[in-house]
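Enquirer: Structure file my_file08.cif (mmCIF, C-alpha atoms) right here:
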data_input
#
loop_
_atom_site.label_atom_id
_atom_site.label_comp_id
_atom_site.auth_asym_id
_atom_site.auth_seq_id
_atom_site.Cartn_x
_atom_site.Cartn_y
_atom_site.Cartn_z
CA MET A 268 114.24 125.92 98.51
CA SER A 269 113.24 127.13 95.08
CA LEU A 270 111.25 125.22 92.50
CA THR A 271 113.01 123.63 89.54
CA GLU A 272 111.80 124.16 85.97
CA GLN A 273 110.27 120.70 86.04
CA GLN A 274 108.49 121.37 89.32
CA ILE A 275 107.12 124.67 88.01
CA GLU A 276 105.62 122.75 85.11
CA ARG A 277 104.45 119.77 87.15
CA TYR A 278 102.69 121.95 89.71
CA SER A 279 101.64 124.73 87.31
CA ARG A 280 97.92 124.21 87.93
CA HIS A 281 98.54 124.62 91.66
CA ILE A 282 100.88 127.55 91.21
CA ILE A 283 98.37 129.57 89.19
CA LEU A 284 95.89 129.35 92.06
CA LYS A 285 96.21 132.58 94.00
CA GLN A 286 95.80 130.66 97.28
CA VAL A 287 98.78 128.44 96.39
CA GLY A 288 101.37 130.14 94.20
CA GLY A 289 105.05 129.22 94.23
CA LYS A 290 105.28 129.80 97.98
CA GLY A 291 102.32 127.53 98.70
CA GLN A 292 103.73 124.80 96.48
CA GLU A 293 107.00 125.04 98.40
CA LYS A 294 105.02 124.62 101.63
CA ILE A 295 103.46 121.47 100.18
CA LEU A 296 106.86 120.15 99.10
CA ASN A 297 108.19 120.75 102.62
CA SER A 298 105.22 119.15 104.38
CA LYS A 299 104.91 115.81 106.11
CA VAL A 300 101.60 113.96 106.08
CA LEU A 301 100.88 110.59 107.68
CA ILE A 302 98.15 108.34 106.33
CA ILE A 303 97.00 105.64 108.72
CA GLY A 304 95.42 102.85 106.67
CA ALA A 305 96.18 102.32 102.97
CA GLY A 306 92.61 101.25 102.28
CA GLY A 307 89.43 102.79 100.87
CA LEU A 308 90.15 106.24 102.32
CA GLY A 309 93.94 106.17 102.47
CA ALA A 310 94.32 105.06 98.84
CA PRO A 311 92.72 108.10 97.18
CA ALA A 312 94.19 110.41 99.83
CA ALA A 313 97.68 109.05 99.18
CA LEU A 314 97.34 109.36 95.41
CA TYR A 315 96.22 112.99 95.54
CA LEU A 316 98.76 114.00 98.17
CA ALA A 317 101.52 112.33 96.17
CA ALA A 318 100.41 114.10 93.00
CA ALA A 319 100.24 117.38 94.93
CA GLY A 320 103.89 117.00 95.90
CA VAL A 321 103.65 116.47 99.66
CA GLY A 322 107.35 116.09 100.41
CA ASN A 323 107.08 113.35 102.99
CA LEU A 324 104.26 110.85 103.02
CA GLY A 325 104.07 108.26 105.79
CA ILE A 326 101.88 105.21 105.18
CA VAL A 327 100.84 102.92 108.04
CA ASP A 328 99.22 99.56 107.31
CA GLY A 329 99.88 96.05 108.55
CA ASP A 330 97.84 94.24 105.91
CA VAL A 331 98.47 92.68 102.53
CA VAL A 332 96.44 93.42 99.41
CA ASP A 333 93.39 91.18 99.06
CA LEU A 334 91.22 90.64 95.98
CA SER A 335 88.22 92.15 97.80
CA ASN A 336 90.17 95.40 98.40
CA LEU A 337 90.45 96.26 94.72
CA GLN A 338 86.83 97.42 94.31
CA ARG A 339 87.74 100.66 96.14
CA GLN A 340 91.37 100.75 97.30
CA ILE A 341 92.56 102.30 94.06
CA ILE A 342 96.24 102.56 94.93
CA HIS A 343 96.45 98.75 94.74
CA PHE A 344 96.30 96.91 91.41
CA THR A 345 95.45 93.31 90.52
CA PRO A 346 99.11 92.17 90.35
CA ASP A 347 99.57 93.51 93.92
CA ILE A 348 97.39 90.82 95.52
CA GLY A 349 99.37 89.29 98.36
CA LYS A 350 101.81 92.20 98.52
CA LYS A 351 102.16 94.33 101.65
CA LYS A 352 99.84 97.31 101.26
CA VAL A 353 102.59 99.73 102.30
CA ASP A 354 104.88 98.39 99.55
CA SER A 355 102.14 98.50 96.93
CA ALA A 356 101.30 102.09 97.96
CA ARG A 357 104.94 103.16 97.94
CA GLU A 358 105.43 101.85 94.38
CA LYS A 359 102.48 103.84 93.01
CA ILE A 360 103.46 107.00 94.88
CA ASN A 361 107.00 106.77 93.49
CA GLN A 362 105.61 106.35 90.01
CA ILE A 363 103.27 109.32 90.34
CA ASN A 364 105.82 111.69 91.77
CA PRO A 365 109.52 111.20 92.46
CA ASP A 366 109.48 114.40 94.58
CA VAL A 367 107.75 112.47 97.36
CA LYS A 368 109.74 110.67 100.01
CA VAL A 369 107.71 107.74 101.33
CA THR A 370 108.13 106.26 104.79
CA THR A 371 106.29 103.00 105.38
CA TYR A 372 105.17 101.43 108.63
CA ASN A 373 104.14 97.82 108.04
CA GLU A 374 102.23 97.60 111.29
CA LYS A 375 98.95 98.49 112.93
CA VAL A 376 98.63 101.37 115.33
CA TYR A 377 98.45 100.62 119.01
CA ALA A 378 98.84 102.63 122.19
CA LYS A 379 102.44 101.45 122.36
CA ASN A 380 103.56 102.77 118.94
CA ILE A 381 101.21 105.54 117.81
CA LEU A 382 102.78 108.52 119.57
CA ASP A 383 106.17 107.62 118.16
CA ILE A 384 104.78 107.19 114.62
CA ILE A 385 102.86 110.50 114.51
CA LYS A 386 105.44 112.70 116.18
CA ASP A 387 107.28 113.86 113.03
CA TYR A 388 104.22 114.65 110.93
CA ASP A 389 102.40 117.94 110.33
CA PHE A 390 99.01 116.39 109.60
CA ILE A 391 97.50 112.94 110.05
CA ILE A 392 94.77 111.27 108.00
CA ASP A 393 92.66 108.62 109.68
CA GLY A 394 91.91 106.08 106.99
CA THR A 395 91.09 103.24 109.36
CA ASP A 396 87.78 101.42 109.47
CA ASN A 397 87.53 100.38 113.09
CA PHE A 398 86.59 102.25 116.22
CA SER A 399 89.51 101.06 118.28
CA ALA A 400 91.91 102.74 115.83
CA LYS A 401 89.70 105.80 115.40
CA PHE A 402 89.60 106.52 119.13
CA LEU A 403 93.32 105.78 119.42
CA ILE A 404 94.17 108.22 116.61
CA ASN A 405 91.94 110.90 118.15
CA ASP A 406 93.43 110.48 121.60
CA ALA A 407 97.01 110.42 120.33
CA CYS A 408 96.47 113.55 118.23
CA VAL A 409 94.78 115.41 121.10
CA ILE A 410 97.61 114.43 123.47
CA ALA A 411 100.37 115.22 120.95
CA LYS A 412 98.55 118.36 119.71
CA LYS A 413 98.57 117.13 116.11
CA PRO A 414 95.91 118.07 113.57
CA PHE A 415 94.10 115.20 111.90
CA SER A 416 91.24 114.36 109.60
CA HIS A 417 88.64 111.85 110.76
CA GLY A 418 86.86 109.90 108.05
CA GLY A 419 84.05 107.37 108.29
CA ILE A 420 82.13 105.62 105.56
CA LEU A 421 79.27 103.15 105.51
CA ARG A 422 77.36 101.88 102.49
CA PHE A 423 76.53 105.10 100.57
CA GLN A 424 77.35 107.52 103.37
CA GLY A 425 80.38 109.34 104.60
CA GLN A 426 81.35 111.67 107.43
CA THR A 427 84.45 113.70 108.12
CA LEU A 428 85.73 116.28 110.54
CA THR A 429 89.07 117.97 110.92
CA TYR A 430 90.68 118.37 114.30
CA THR A 431 93.22 121.04 115.14
CA PRO A 432 94.40 121.62 118.71
CA GLN A 433 91.62 123.32 120.69
CA SER A 434 88.85 122.36 118.26
CA THR A 435 86.06 119.81 118.72
CA CYS A 436 87.56 116.31 118.84
CA TYR A 437 86.07 112.95 117.87
CA ARG A 438 85.43 112.11 121.52
CA CYS A 439 83.51 115.38 122.00
CA ILE A 440 80.90 113.72 119.76
CA PHE A 441 81.38 110.04 120.56
CA ASP A 442 82.59 109.64 124.12
CA GLN A 443 83.38 105.95 123.71
CA PRO A 444 83.29 103.22 121.06
CA PRO A 445 79.87 101.69 120.37
CA PRO A 446 79.01 98.52 122.28
CA LYS A 447 80.27 95.46 120.44
CA GLY A 448 76.91 94.05 119.48
CA ALA A 449 75.79 97.38 118.00
CA VAL A 450 78.37 97.48 115.22
CA PRO A 451 76.73 96.35 111.99
CA THR A 452 77.93 92.88 111.19
CA CYS A 453 80.17 92.27 108.21
CA SER A 454 77.39 90.86 106.09
CA GLU A 455 75.19 93.89 106.76
CA ALA A 456 77.91 96.39 105.94
CA GLY A 457 79.28 97.31 102.56
CA ILE A 458 80.56 100.36 100.79
CA LEU A 459 80.22 101.84 97.32
CA GLY A 460 83.84 102.18 96.20
CA ALA A 461 83.32 105.68 94.82
CA VAL A 462 82.00 106.84 98.21
CA ALA A 463 85.32 105.87 99.79
CA GLY A 464 87.00 107.89 97.03
CA MET A 465 84.80 110.93 97.69
CA LEU A 466 85.65 110.92 101.35
CA GLY A 467 89.37 110.15 101.05
CA THR A 468 89.64 112.99 98.54
CA ILE A 469 87.96 115.42 100.95
CA GLN A 470 90.48 114.34 103.58
CA ALA A 471 93.37 115.01 101.17
CA ALA A 472 91.95 118.47 100.39
CA GLU A 473 91.73 119.24 104.12
CA ALA A 474 95.38 118.22 104.59
CA LEU A 475 96.45 120.52 101.73
CA LYS A 476 94.34 123.43 103.04
CA TYR A 477 95.93 122.96 106.46
CA ILE A 478 99.45 122.96 104.97
CA LEU A 479 98.69 126.03 102.87
CA GLY A 480 96.82 127.82 105.65
CA VAL A 481 93.98 128.72 103.31
CA GLY A 482 90.21 128.57 103.51
CA GLU A 483 88.19 127.15 106.37
CA LEU A 484 88.85 123.67 107.65
CA LEU A 485 86.11 121.27 108.74
CA THR A 486 86.91 122.12 112.35
CA ASN A 487 84.05 122.36 114.84
CA LYS A 488 81.78 120.77 112.28
CA LEU A 489 80.96 117.39 110.87
CA LEU A 490 80.41 117.06 107.15
CA THR A 491 78.10 114.19 106.29
CA PHE A 492 76.88 113.07 102.93
CA ASP A 493 74.61 110.46 101.48
CA ALA A 494 75.57 109.54 97.94
CA LEU A 495 72.16 107.94 97.29
CA ASN A 496 70.60 111.40 97.03
CA MET A 497 73.88 113.36 96.93
CA GLU A 498 72.82 115.30 99.98
CA TYR A 499 75.63 117.03 101.87
CA ARG A 500 75.12 118.51 105.32
CA THR A 501 77.47 120.34 107.64
CA ILE A 502 76.57 120.08 111.30
CA ASN A 503 78.14 122.65 113.61
CA LEU A 504 79.68 121.10 116.70
CA LYS A 505 80.79 122.79 119.86
CA ARG A 506 83.53 121.39 122.03
CA ASN A 507 82.03 119.23 124.75
CA ARG A 508 83.01 120.33 128.23
CA ASN A 509 82.34 116.77 129.41
CA CYS A 510 84.68 115.28 126.78
CA PRO A 511 86.79 112.63 128.51
CA ILE A 512 89.97 113.73 126.74
CA CYS A 513 89.71 117.44 125.91
CA GLY A 514 86.98 118.54 128.33
CA GLU A 515 87.20 120.38 131.64
CA ASN A 516 87.96 117.31 133.74
CA PRO A 517 89.65 114.81 131.43
CA THR A 518 89.64 111.22 132.62
CA ILE A 519 91.78 109.94 129.74
CA LYS A 520 95.36 111.07 130.15
CA GLU A 521 97.18 108.55 128.01
CA VAL A 522 96.48 106.56 124.85
CA ILE A 523 94.54 103.32 125.32
CA ASP A 524 93.74 100.28 123.19
CA TYR A 525 90.16 99.08 122.95
CA GLU A 526 89.48 95.46 122.20
CA GLN A 527 88.62 95.13 118.53
CA PRO A 528 85.81 92.75 117.63
CA LEU A 529 86.94 90.23 115.06
CA CYS A 530 85.05 90.46 111.87
CA ASP A 531 86.04 89.03 108.54
CA LEU A 532 83.99 88.64 105.38
CA ARG A 533 86.08 85.71 104.25
CA LYS A 534 85.22 83.54 107.25
CA MET B 297 55.51 119.93 119.28
CA ILE B 298 57.59 120.51 116.21
CA LEU B 299 61.23 119.40 116.15
CA THR B 300 63.84 119.96 113.44
CA ILE B 301 65.51 116.59 112.99
CA ASN B 302 68.58 116.47 110.73
CA GLY B 303 67.37 119.67 109.11
CA LYS B 304 63.77 118.53 108.52
CA LYS B 305 60.76 119.76 110.52
CA THR B 306 58.84 116.88 112.11
CA GLU B 307 55.64 117.08 114.15
CA PHE B 308 54.99 115.02 117.29
CA ALA B 309 51.79 114.66 119.31
CA ASP B 310 53.85 114.72 122.53
CA GLU B 311 54.61 117.97 124.37
CA THR B 312 58.02 116.74 125.48
CA LEU B 313 60.08 113.59 124.90
CA LYS B 314 63.08 111.96 126.52
CA ILE B 315 65.81 110.94 124.07
CA PRO B 316 65.20 107.14 124.27
CA GLU B 317 61.49 107.79 123.49
CA LEU B 318 62.40 109.95 120.51
CA LEU B 319 64.82 107.31 119.19
CA ARG B 320 61.99 104.73 119.39
CA LYS B 321 59.40 107.01 117.78
CA ILE B 322 61.45 107.78 114.75
CA GLU B 323 62.67 104.19 114.53
CA VAL B 324 66.40 104.84 114.49
CA ASP B 325 68.02 101.68 113.09
CA SER B 326 70.66 101.09 115.72
CA PRO B 327 70.31 103.50 118.66
CA ASP B 328 73.67 102.38 120.04
CA MET B 329 75.38 103.78 116.95
CA VAL B 330 73.92 107.27 117.38
CA THR B 331 74.99 110.36 119.26
CA VAL B 332 72.37 113.06 119.68
CA GLU B 333 73.06 116.77 119.39
CA VAL B 334 70.34 119.08 120.72
CA ASN B 335 70.51 122.80 119.85
CA GLY B 336 74.22 122.53 119.16
CA GLU B 337 75.14 120.64 122.34
CA ILE B 338 76.26 117.02 122.25
CA ILE B 339 74.34 114.89 124.73
CA TYR B 340 76.25 111.87 125.98
CA LYS B 341 74.37 108.59 126.37
CA ALA B 342 74.39 108.68 130.15
CA SER B 343 72.07 111.71 130.05
CA TYR B 344 69.60 110.32 127.49
CA PRO B 345 67.01 109.06 130.01
CA THR B 346 66.77 112.43 131.78
CA PHE B 347 67.31 114.96 128.99
CA VAL B 348 64.00 116.56 127.99
CA ILE B 349 63.34 117.46 124.36
CA LYS B 350 60.80 120.21 123.81
CA ASP B 351 59.04 122.16 121.07
CA GLY B 352 61.35 123.95 118.67
CA ASP B 353 64.49 121.94 119.50
CA LYS B 354 66.95 121.31 116.70
CA ILE B 355 68.17 117.73 116.79
CA GLU B 356 70.97 116.07 114.86
CA PHE B 357 71.64 112.35 114.89
CA LEU B 358 75.34 111.68 114.41
CA TYR B 359 76.16 108.12 113.44
CA PHE B 360 79.27 106.07 114.08
CA MET B 361 80.93 105.22 110.79
CA GLY B 362 83.96 103.07 110.11
CA GLY B 363 86.21 103.58 107.17
CA GLY B 364 88.86 102.47 104.76
CA SER B 365 91.43 100.00 105.96
CA SER B 366 90.74 97.28 108.46
CA LEU B 367 92.71 96.16 111.45
CA LYS B 368 91.98 92.50 110.85
CA GLY B 369 90.84 91.28 107.47
CA ASP B 370 88.56 93.14 105.17
CA LYS B 371 85.53 94.44 106.96
CA ILE B 372 84.00 97.33 105.12
#
Go ahead and render the structure in this file as structure tokens.

Expert:
Amino acid sequence: MSLTEQQIERYSRHIILKQVGGKGQEKILNSKVLIIGAGGLGAPAALYLAAAGVGNLGIVDGDVVDLSNLQRQIIHFTPDIGKKKVDSAREKINQINPDVKVTTYNEKVYAKNILDIIKDYDFIIDGTDNFSAKFLINDACVIAKKPFSHGGILRFQGQTLTYTPQSTCYRCIFDQPPPKGAVPTCSEAGILGAVAGMLGTIQAAEALKYILGVGELLTNKLLTFDALNMEYRTINLKRNRNCPICGENPTIKEVIDYEQPLCDLRK
Amino acid sequence: MILTINGKKTEFADETLKIPELLRKIEVDSPDMVTVEVNGEIIYKASYPTFVIKDGDKIEFLYFMGGGSSLKGDKI
């Protein structure tokens, strides 16, 4: 595949980067990235990956756009309220960049469908907000040997790590979901919209670095930041030999669903 | 003893501490939402009551955080 005149112009600011060049841009155009959750993290990630020219973008989300999403889920606009998030996301991606082929999955991820959904993708972005999905995505990616970016946000804080086969996985740090009562209740939680954007954008950059094979990924480390004082820290993490999925004696050999506590601000 | 907690040096009158005692002393908001890393090794919760923290240890508290799009409704 060679770049067209239009593509050379569109991606010129990528192409002049010595770590990208024409070859790197072609790698991006040939890549397949899956974004699970078209919300606070998935929205900015999808916009940047679409603009970057990721050839195939998969978007998984079973929800419809709600008024309370618009404070941070910047791929959805006011007229999209009530529309399926995957449709709203697809429309914006098509408008940003017709080079991108979008595949939508208007469903949530479960043990029964996740391995089938992720199998064709080069890199997966976890843009979900609940622990049941986060553990499921980790387990599925470890089992299927797929690289993924974990992202978590709360109030003014964010955390992210990148997994590639053989690196520290999410379960190396958190062996199981927190007990139900420990999860901050809906009314206690909250998120500064821009913090979601900061984190989703880091996840998009990690996906592009992985595709290009440049730089150092956030593997074997957890990046955390607190936007209140703009303090960023990178914590080195070793693989955990007791990890129930990637450790020496794994007890988890297939993907599992955890019960998800119901929690809804509108109730 | 002096511990480095999340990058900051903190002094304790105790000579050693078990992890649950440390979590109480520094008043961690929700201990169930925290994983503790000591000198680069993740300590799973089952070992908290027996794991001994001593002078000079480097401790990181790693918190559970949710994210962008919810499974049911609009949570975060």

Enquirer: List as a PyMOL selection string the protein and nucleic acid residues near Met329 of chain B, meaning an atom at most 9 Å away when all atoms listed in the file are counted, but skip any in the same chain fewer than 4 places from it.

Expert: (chain A and resi 444-446+449-450) or (chain B and resi 325+358-361)

Enquirer: For this structure, which residues satisfy the selection - the PyMOL selection byres ((chain A and resi 294) around 10) - when it is evaluated on the file as given? I want them as a CSV table (one decimal) with C-alpha atoms, in the coordinates of the input.

Expert:
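Generated file (expr38.csv):
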chain,number,residue,atom,x,y,z
A,268,MET,CA,114.2,125.9,98.5
A,287,VAL,CA,98.8,128.4,96.4
A,288,GLY,CA,101.4,130.1,94.2
A,289,GLY,CA,105.0,129.2,94.2
A,290,LYS,CA,105.3,129.8,98.0
A,291,GLY,CA,102.3,127.5,98.7
A,292,GLN,CA,103.7,124.8,96.5
A,293,GLU,CA,107.0,125.0,98.4
A,295,ILE,CA,103.5,121.5,100.2
A,296,LEU,CA,106.9,120.2,99.1
A,297,ASN,CA,108.2,120.8,102.6
A,298,SER,CA,105.2,119.2,104.4
A,299,LYS,CA,104.9,115.8,106.1
A,320,GLY,CA,103.9,117.0,95.9
A,321,VAL,CA,103.6,116.5,99.7
A,322,GLY,CA,107.4,116.1,100.4
A,475,LEU,CA,96.4,120.5,101.7
A,478,ILE,CA,99.4,123.0,105.0
A,479,LEU,CA,98.7,126.0,102.9
A,480,GLY,CA,96.8,127.8,105.6

Enquirer: For the structure shown, which residues end up in the PyMOL selection byres ((chain A and resi 458) around 10)? Put them as a ChimeraX atom specification, please?

Expert: /A:307,338-339,420-425,456-457,459-463 /B:363-364,371-372

Enquirer: In Å, how far is it from atom CA of Ile349 of chain B to atom CA of Ile315 of chain B?

Expert: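 Calculated distance between atom CA of Ile349 of chain B and atom CA of Ile315 of chain B is 7.0 Å.
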
Enquirer: Take the PyMOL selection byres ((chain B and resi 305) around 12), apply it to the structure above, and return the hits as a list of chain:residue names.

Expert: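 Expected selection for the PyMOL selection byres ((chain B and resi 305) around 12) here is B:Met297, B:Ile298, B:Leu299, B:Thr300, B:Ile301, B:Asn302, B:Gly303, B:Lys304, B:Thr306, B:Glu307, B:Phe308, B:Asp351, B:Gly352, B:Asp353, B:Lys354, B:Ile355, B:Glu356.
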
Enquirer: Could you dump the residues just selected with C-alpha atoms as a tab-separated table (two decimals), in the frame of the given file?

Expert:
chain	number	residue	atom	x	y	z
B	297	MET	CA	55.51	119.93	119.28
B	298	ILE	CA	57.59	120.51	116.21
B	299	LEU	CA	61.23	119.40	116.15
B	300	THR	CA	63.84	119.96	113.44
B	301	ILE	CA	65.51	116.59	112.99
B	302	ASN	CA	68.58	116.47	110.73
B	303	GLY	CA	67.37	119.67	109.11
B	304	LYS	CA	63.77	118.53	108.52
B	306	THR	CA	58.84	116.88	112.11
B	307	GLU	CA	55.64	117.08	114.15
B	308	PHE	CA	54.99	115.02	117.29
B	351	ASP	CA	59.04	122.16	121.07
B	352	GLY	CA	61.35	123.95	118.67
B	353	ASP	CA	64.49	121.94	119.50
B	354	LYS	CA	66.95	121.31	116.70
B	355	ILE	CA	68.17	117.73	116.79
B	356	GLU	CA	70.97	116.07	114.86

Enquirer: Kindly indicate which residue among A:Lys413, A:Lys379, A:Lys352, A:Lys520 lies nearest to chain B, using only C-alpha atoms for the distances.

Expert: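 Closest candidate: A:Lys352.
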
Enquirer: Please provide as a list in words all residues within 9 Å of Ile338 of chain B, with the sequence filter that same-chain residues fewer than 6 positions apart are discarded (counting only C-alpha atoms).

Expert: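 Near Ile338 of chain B, the qualifying residues are Cys439, Ile440, Phe441, Leu504, Lys505, Arg506 and Asn507 of chain A; Thr331 and Val332 of chain B.
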
Enquirer: Give me the residues within 12 Å of Pro432 of chain A as an MDAnalysis selection string, counting all atoms listed in the file and dropping any in the same chain fewer than 4 places off.

Expert: chainID A and resid 390 405:415 436 486:487 506 513

Enquirer: Calculate how many Å separate atom CA of Asn364 of chain A from atom CA of Ile326 of chain A, rounding to one decimal.

Expert: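 Interatomic distance here is 15.4 Å.
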
Enquirer: With only C-alpha atoms as the atoms that count, which of A:Leu314, A:Val327, A:Ile469, A:Val300 lies nearest to chain B?

Expert: A:Val327

Enquirer: Just the number, please: distance in Å from atom CA of Lys488 of chain A to atom CA of Leu466 of chain A, one decimal.

Expert: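 Pair atom CA of Lys488 of chain A / atom CA of Leu466 of chain A returns 15.2 Å.
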
Enquirer: Between A:Ala494, A:Val376, A:Val369, A:Ala318, which has the minimum distance to chain B (counting only C-alpha atoms)?

Expert: A:Val376

Enquirer: Which residues, written as a list in words, have at least one atom at most 8 Å from Ile523 of chain A, with all atoms listed in the file counted and residues fewer than 6 positions away on the same chain left out?

Expert: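 Everything that qualifies: Tyr377, Ala378 and Leu403 of chain A.
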
Enquirer: So, counting only C-alpha atoms, which residue among B:Glu317, B:Glu311, B:Glu333, B:Glu323 is closest to chain A?

Expert: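 Answer, going by the shortest atom-to-atom distance: B:Glu333.
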
Enquirer: Tell me which protein, DNA and RNA residues are within 8 Å of Ala312 of chain A, counting only C-alpha atoms, leaving out same-chain ones fewer than 4 positions away, and put them as number ranges by chain.

Expert: A: 302, 308, 316, 467-468, 470-471

Enquirer: Which residue gives the smallest distance to chain A among B:Arg320, B:Asp328, B:Lys314, B:Thr346, with all atoms listed in the file counted?

Expert: B:Asp328
